[in-house]
Amino acid sequence: MISVSSVDVQKNIDEFGRRANAEPIEVKHDNRSKSYLISEKLFRDLMSSYRRALPVEELSDEDVALIERAQVMTEEPYNLDDIPEIDQSSTLSR
């Protein structure tokens with residue numbers, strides 16, 4: 001991967017846009033990495049696998065139903081009853 005200054009990218013955006021099709025380009029400002037110039041294909045590949053966390057309150061009923069039906073494949077079956085209760089008095093305080 002090559003590293004270039006943001007000024008160089010501004011002056012030669014067409015050149016670096018073409019080069020980004022072959023490999024990501026690190027864009028630096030004040031000698032610090034600020035961003036990356038990447039190809040459209042790489043961007044779409046990254047975004048297709050992007051996941052973000054949601055608060056439980058934002059889950060739809062369909063999402064909750066999917067989670068409830070989910071199964072973890074293990075050699076030995078288990079369920080939530082296998083998870084011990086947490087004794088509040090034995091938890092570490094900060």
# chains A, B, ... in the order shown; residues from 1 in each chain; ligands from 1
>>> residues_around(residues="A:Ser3", least_positions_apart="6", cutoff="12 Å", atoms="only C-alpha atoms", output="list in words")
Val9, Phe16, Arg19, Ala20, Glu23, Pro24, Ile25, Glu26, Val27, Lys28, His29, Asn31, Arg32, Ser33, Lys34, Ser35, Tyr36 and Leu37 of chain A
>>> write_last_selection(atoms="N, CA and C atoms", output="compact mmCIF listing (two decimals), in the first residue's frame")
# COMPACT_ATOMS: atom_id res chain seq x y z
N VAL A 9 -2.90 14.09 -3.20
CA VAL A 9 -4.16 13.53 -3.70
C VAL A 9 -5.00 14.62 -4.34
N PHE A 16 -4.49 9.12 -8.62
CA PHE A 16 -4.66 8.29 -7.43
C PHE A 16 -5.97 7.51 -7.46
N ARG A 19 -5.04 4.51 -9.43
CA ARG A 19 -4.16 3.63 -8.65
C ARG A 19 -4.93 2.91 -7.54
N ALA A 20 -5.97 3.54 -7.04
CA ALA A 20 -6.77 2.92 -5.98
C ALA A 20 -7.51 1.69 -6.48
N GLU A 23 -4.85 -1.00 -5.55
CA GLU A 23 -4.58 -1.18 -4.12
C GLU A 23 -5.06 0.05 -3.35
N PRO A 24 -5.40 -0.13 -2.08
CA PRO A 24 -5.79 1.03 -1.26
C PRO A 24 -4.63 2.02 -1.14
N ILE A 25 -4.98 3.27 -1.01
CA ILE A 25 -3.98 4.33 -0.84
C ILE A 25 -4.24 5.02 0.48
N GLU A 26 -3.22 5.05 1.32
CA GLU A 26 -3.31 5.74 2.60
C GLU A 26 -3.10 7.22 2.35
N VAL A 27 -4.04 8.04 2.83
CA VAL A 27 -3.95 9.49 2.66
C VAL A 27 -3.58 10.10 4.00
N LYS A 28 -2.45 10.82 4.01
CA LYS A 28 -1.95 11.40 5.25
C LYS A 28 -2.07 12.92 5.24
N HIS A 29 -2.29 13.46 6.41
CA HIS A 29 -2.30 14.91 6.62
C HIS A 29 -1.44 15.17 7.85
N ASN A 31 1.46 14.18 8.28
CA ASN A 31 2.15 12.91 8.48
C ASN A 31 1.36 11.92 9.34
N ARG A 32 0.06 12.10 9.42
CA ARG A 32 -0.81 11.17 10.14
C ARG A 32 -1.83 10.59 9.18
N SER A 33 -2.10 9.31 9.34
CA SER A 33 -3.09 8.66 8.50
C SER A 33 -4.47 9.25 8.79
N LYS A 34 -5.12 9.76 7.75
CA LYS A 34 -6.43 10.39 7.92
C LYS A 34 -7.54 9.64 7.21
N SER A 35 -7.20 9.02 6.08
CA SER A 35 -8.22 8.30 5.33
C SER A 35 -7.55 7.37 4.33
N TYR A 36 -8.39 6.62 3.62
CA TYR A 36 -7.90 5.70 2.60
C TYR A 36 -8.73 5.88 1.34
N LEU A 37 -8.07 5.84 0.24
CA LEU A 37 -8.73 5.90 -1.05
C LEU A 37 -8.77 4.46 -1.57
>>> select_by_dssp(residues="chain A", states="alpha helix (DSSP H)", output="MDAnalysis selection string")
chainID A and resid 6:11 13:19 40:48 61:69
>>> select_by_dssp(residues="chain A", states="strand (DSSP E or B)", output="ChimeraX atom specification")
/A:2-5,25-29,32-37
>>> write_last_selection(atoms="C-alpha atoms", output="compact mmCIF listing (two decimals), in the first residue's frame")
# COMPACT_ATOMS: atom_id res chain seq x y z
CA ILE A 2 1.29 3.42 -0.80
CA SER A 3 1.03 6.47 1.44
CA VAL A 4 0.57 9.95 0.04
CA SER A 5 -0.16 13.38 1.42
CA ILE A 25 -3.98 4.33 -0.84
CA GLU A 26 -3.31 5.74 2.60
CA VAL A 27 -3.95 9.49 2.66
CA LYS A 28 -1.95 11.40 5.25
CA HIS A 29 -2.30 14.91 6.62
CA ARG A 32 -0.81 11.17 10.14
CA SER A 33 -3.09 8.66 8.50
CA LYS A 34 -6.43 10.39 7.92
CA SER A 35 -8.22 8.30 5.33
CA TYR A 36 -7.90 5.70 2.60
CA LEU A 37 -8.73 5.90 -1.05
>>> closest_atom_pairs(of="stretch 4-57 of chain A", to="stretch 61-68 of chain A", cutoff="12 Å", atoms="only C-alpha atoms", output="Markdown table")
| residue | atom | partner | partner_atom | distance |
| --- | --- | --- | --- | --- |
| A:Leu54 | CA | A:Asp63 | CA | 11.1 |
| A:Val56 | CA | A:Val64 | CA | 8.9 |
| A:Glu57 | CA | A:Asp61 | CA | 10.2 |
>>> atom_distance(atom1="atom CA of A:Ser49", atom2="atom CA of A:Gln71")
21.6 Å
>>> decode(residues="chain A", atoms="C-alpha atoms", output="PDB file, in the first residue's frame")
ATOM      1  CA  MET A   1       0.000   0.000   0.000  1.00  0.00           C
ATOM      2  CA  ILE A   2       1.285   3.423  -0.798  1.00  0.00           C
ATOM      3  CA  SER A   3       1.030   6.466   1.442  1.00  0.00           C
ATOM      4  CA  VAL A   4       0.567   9.950   0.037  1.00  0.00           C
ATOM      5  CA  SER A   5      -0.157  13.376   1.425  1.00  0.00           C
ATOM      6  CA  SER A   6      -3.627  14.821   1.137  1.00  0.00           C
ATOM      7  CA  VAL A   7      -2.134  17.690  -0.896  1.00  0.00           C
ATOM      8  CA  ASP A   8      -0.757  15.205  -3.464  1.00  0.00           C
ATOM      9  CA  VAL A   9      -4.158  13.526  -3.697  1.00  0.00           C
ATOM     10  CA  GLN A  10      -5.854  16.879  -4.262  1.00  0.00           C
ATOM     11  CA  LYS A  11      -3.389  17.794  -7.015  1.00  0.00           C
ATOM     12  CA  ASN A  12      -3.551  14.381  -8.730  1.00  0.00           C
ATOM     13  CA  ILE A  13      -6.966  12.939  -7.892  1.00  0.00           C
ATOM     14  CA  ASP A  14      -7.365  11.254 -11.297  1.00  0.00           C
ATOM     15  CA  GLU A  15      -4.043   9.455 -10.996  1.00  0.00           C
ATOM     16  CA  PHE A  16      -4.659   8.285  -7.432  1.00  0.00           C
ATOM     17  CA  GLY A  17      -8.224   7.319  -8.299  1.00  0.00           C
ATOM     18  CA  ARG A  18      -6.856   4.980 -10.975  1.00  0.00           C
ATOM     19  CA  ARG A  19      -4.163   3.632  -8.653  1.00  0.00           C
ATOM     20  CA  ALA A  20      -6.773   2.917  -5.978  1.00  0.00           C
ATOM     21  CA  ASN A  21      -8.288   0.351  -8.347  1.00  0.00           C
ATOM     22  CA  ALA A  22      -5.158  -1.759  -7.844  1.00  0.00           C
ATOM     23  CA  GLU A  23      -4.583  -1.176  -4.122  1.00  0.00           C
ATOM     24  CA  PRO A  24      -5.794   1.025  -1.264  1.00  0.00           C
ATOM     25  CA  ILE A  25      -3.985   4.331  -0.844  1.00  0.00           C
ATOM     26  CA  GLU A  26      -3.309   5.739   2.604  1.00  0.00           C
ATOM     27  CA  VAL A  27      -3.951   9.487   2.656  1.00  0.00           C
ATOM     28  CA  LYS A  28      -1.952  11.401   5.251  1.00  0.00           C
ATOM     29  CA  HIS A  29      -2.297  14.911   6.615  1.00  0.00           C
ATOM     30  CA  ASP A  30       0.465  16.310   8.825  1.00  0.00           C
ATOM     31  CA  ASN A  31       2.153  12.907   8.483  1.00  0.00           C
ATOM     32  CA  ARG A  32      -0.813  11.167  10.138  1.00  0.00           C
ATOM     33  CA  SER A  33      -3.092   8.655   8.500  1.00  0.00           C
ATOM     34  CA  LYS A  34      -6.427  10.390   7.923  1.00  0.00           C
ATOM     35  CA  SER A  35      -8.225   8.304   5.328  1.00  0.00           C
ATOM     36  CA  TYR A  36      -7.905   5.697   2.600  1.00  0.00           C
ATOM     37  CA  LEU A  37      -8.733   5.898  -1.052  1.00  0.00           C
ATOM     38  CA  ILE A  38     -10.119   2.560  -2.239  1.00  0.00           C
ATOM     39  CA  SER A  39     -11.755   1.141  -5.347  1.00  0.00           C
ATOM     40  CA  GLU A  40     -15.510   0.967  -5.735  1.00  0.00           C
ATOM     41  CA  LYS A  41     -15.319  -2.840  -5.768  1.00  0.00           C
ATOM     42  CA  LEU A  42     -13.391  -2.986  -2.486  1.00  0.00           C
ATOM     43  CA  PHE A  43     -15.781  -0.472  -0.931  1.00  0.00           C
ATOM     44  CA  ARG A  44     -18.816  -2.535  -1.963  1.00  0.00           C
ATOM     45  CA  ASP A  45     -17.174  -5.757  -0.733  1.00  0.00           C
ATOM     46  CA  LEU A  46     -16.417  -4.169   2.635  1.00  0.00           C
ATOM     47  CA  MET A  47     -19.887  -2.692   3.006  1.00  0.00           C
ATOM     48  CA  SER A  48     -21.587  -5.965   2.093  1.00  0.00           C
ATOM     49  CA  SER A  49     -20.040  -7.603   5.150  1.00  0.00           C
ATOM     50  CA  TYR A  50     -20.339  -4.582   7.456  1.00  0.00           C
ATOM     51  CA  ARG A  51     -22.255  -5.197  10.640  1.00  0.00           C
ATOM     52  CA  ARG A  52     -23.250  -2.763  13.297  1.00  0.00           C
ATOM     53  CA  ALA A  53     -24.509  -3.320  16.802  1.00  0.00           C
ATOM     54  CA  LEU A  54     -28.012  -2.253  17.726  1.00  0.00           C
ATOM     55  CA  PRO A  55     -29.504  -1.683  21.140  1.00  0.00           C
ATOM     56  CA  VAL A  56     -31.969  -4.452  21.999  1.00  0.00           C
ATOM     57  CA  GLU A  57     -34.794  -1.922  21.940  1.00  0.00           C
ATOM     58  CA  GLU A  58     -34.222  -1.334  18.208  1.00  0.00           C
ATOM     59  CA  LEU A  59     -34.623  -5.002  17.254  1.00  0.00           C
ATOM     60  CA  SER A  60     -37.773  -5.792  15.331  1.00  0.00           C
ATOM     61  CA  ASP A  61     -40.120  -8.589  16.377  1.00  0.00           C
ATOM     62  CA  GLU A  62     -38.825 -10.562  13.379  1.00  0.00           C
ATOM     63  CA  ASP A  63     -35.210 -10.116  14.564  1.00  0.00           C
ATOM     64  CA  VAL A  64     -36.125 -11.319  18.059  1.00  0.00           C
ATOM     65  CA  ALA A  65     -37.934 -14.342  16.608  1.00  0.00           C
ATOM     66  CA  LEU A  66     -34.854 -15.225  14.522  1.00  0.00           C
ATOM     67  CA  ILE A  67     -32.636 -14.982  17.584  1.00  0.00           C
ATOM     68  CA  GLU A  68     -35.006 -17.159  19.609  1.00  0.00           C
ATOM     69  CA  ARG A  69     -34.953 -19.841  16.888  1.00  0.00           C
ATOM     70  CA  ALA A  70     -31.165 -19.726  16.452  1.00  0.00           C
ATOM     71  CA  GLN A  71     -29.232 -22.849  17.301  1.00  0.00           C
ATOM     72  CA  VAL A  72     -25.566 -23.309  18.106  1.00  0.00           C
ATOM     73  CA  MET A  73     -24.178 -26.530  16.720  1.00  0.00           C
ATOM     74  CA  THR A  74     -22.028 -28.276  19.308  1.00  0.00           C
ATOM     75  CA  GLU A  75     -21.085 -31.850  20.033  1.00  0.00           C
ATOM     76  CA  GLU A  76     -23.056 -31.686  23.270  1.00  0.00           C
ATOM     77  CA  PRO A  77     -26.468 -29.983  23.247  1.00  0.00           C
ATOM     78  CA  TYR A  78     -27.113 -27.257  25.774  1.00  0.00           C
ATOM     79  CA  ASN A  79     -29.669 -24.613  26.582  1.00  0.00           C
ATOM     80  CA  LEU A  80     -29.836 -21.494  28.700  1.00  0.00           C
ATOM     81  CA  ASP A  81     -30.468 -23.592  31.812  1.00  0.00           C
ATOM     82  CA  ASP A  82     -26.802 -24.657  31.544  1.00  0.00           C
ATOM     83  CA  ILE A  83     -25.680 -21.081  32.267  1.00  0.00           C
ATOM     84  CA  PRO A  84     -25.288 -20.520  36.017  1.00  0.00           C
ATOM     85  CA  GLU A  85     -27.071 -17.623  37.635  1.00  0.00           C
ATOM     86  CA  ILE A  86     -24.820 -14.737  38.594  1.00  0.00           C
ATOM     87  CA  ASP A  87     -24.829 -14.107  42.310  1.00  0.00           C
ATOM     88  CA  GLN A  88     -24.941 -10.319  42.605  1.00  0.00           C
ATOM     89  CA  SER A  89     -23.158 -10.404  45.957  1.00  0.00           C
ATOM     90  CA  SER A  90     -20.161 -12.254  44.500  1.00  0.00           C
ATOM     91  CA  THR A  91     -19.540  -9.898  41.561  1.00  0.00           C
ATOM     92  CA  LEU A  92     -16.478  -7.733  41.767  1.00  0.00           C
ATOM     93  CA  SER A  93     -17.015  -4.109  42.557  1.00  0.00           C
ATOM     94  CA  ARG A  94     -15.024  -1.449  40.765  1.00  0.00           C
TER      95      ARG A  94
END
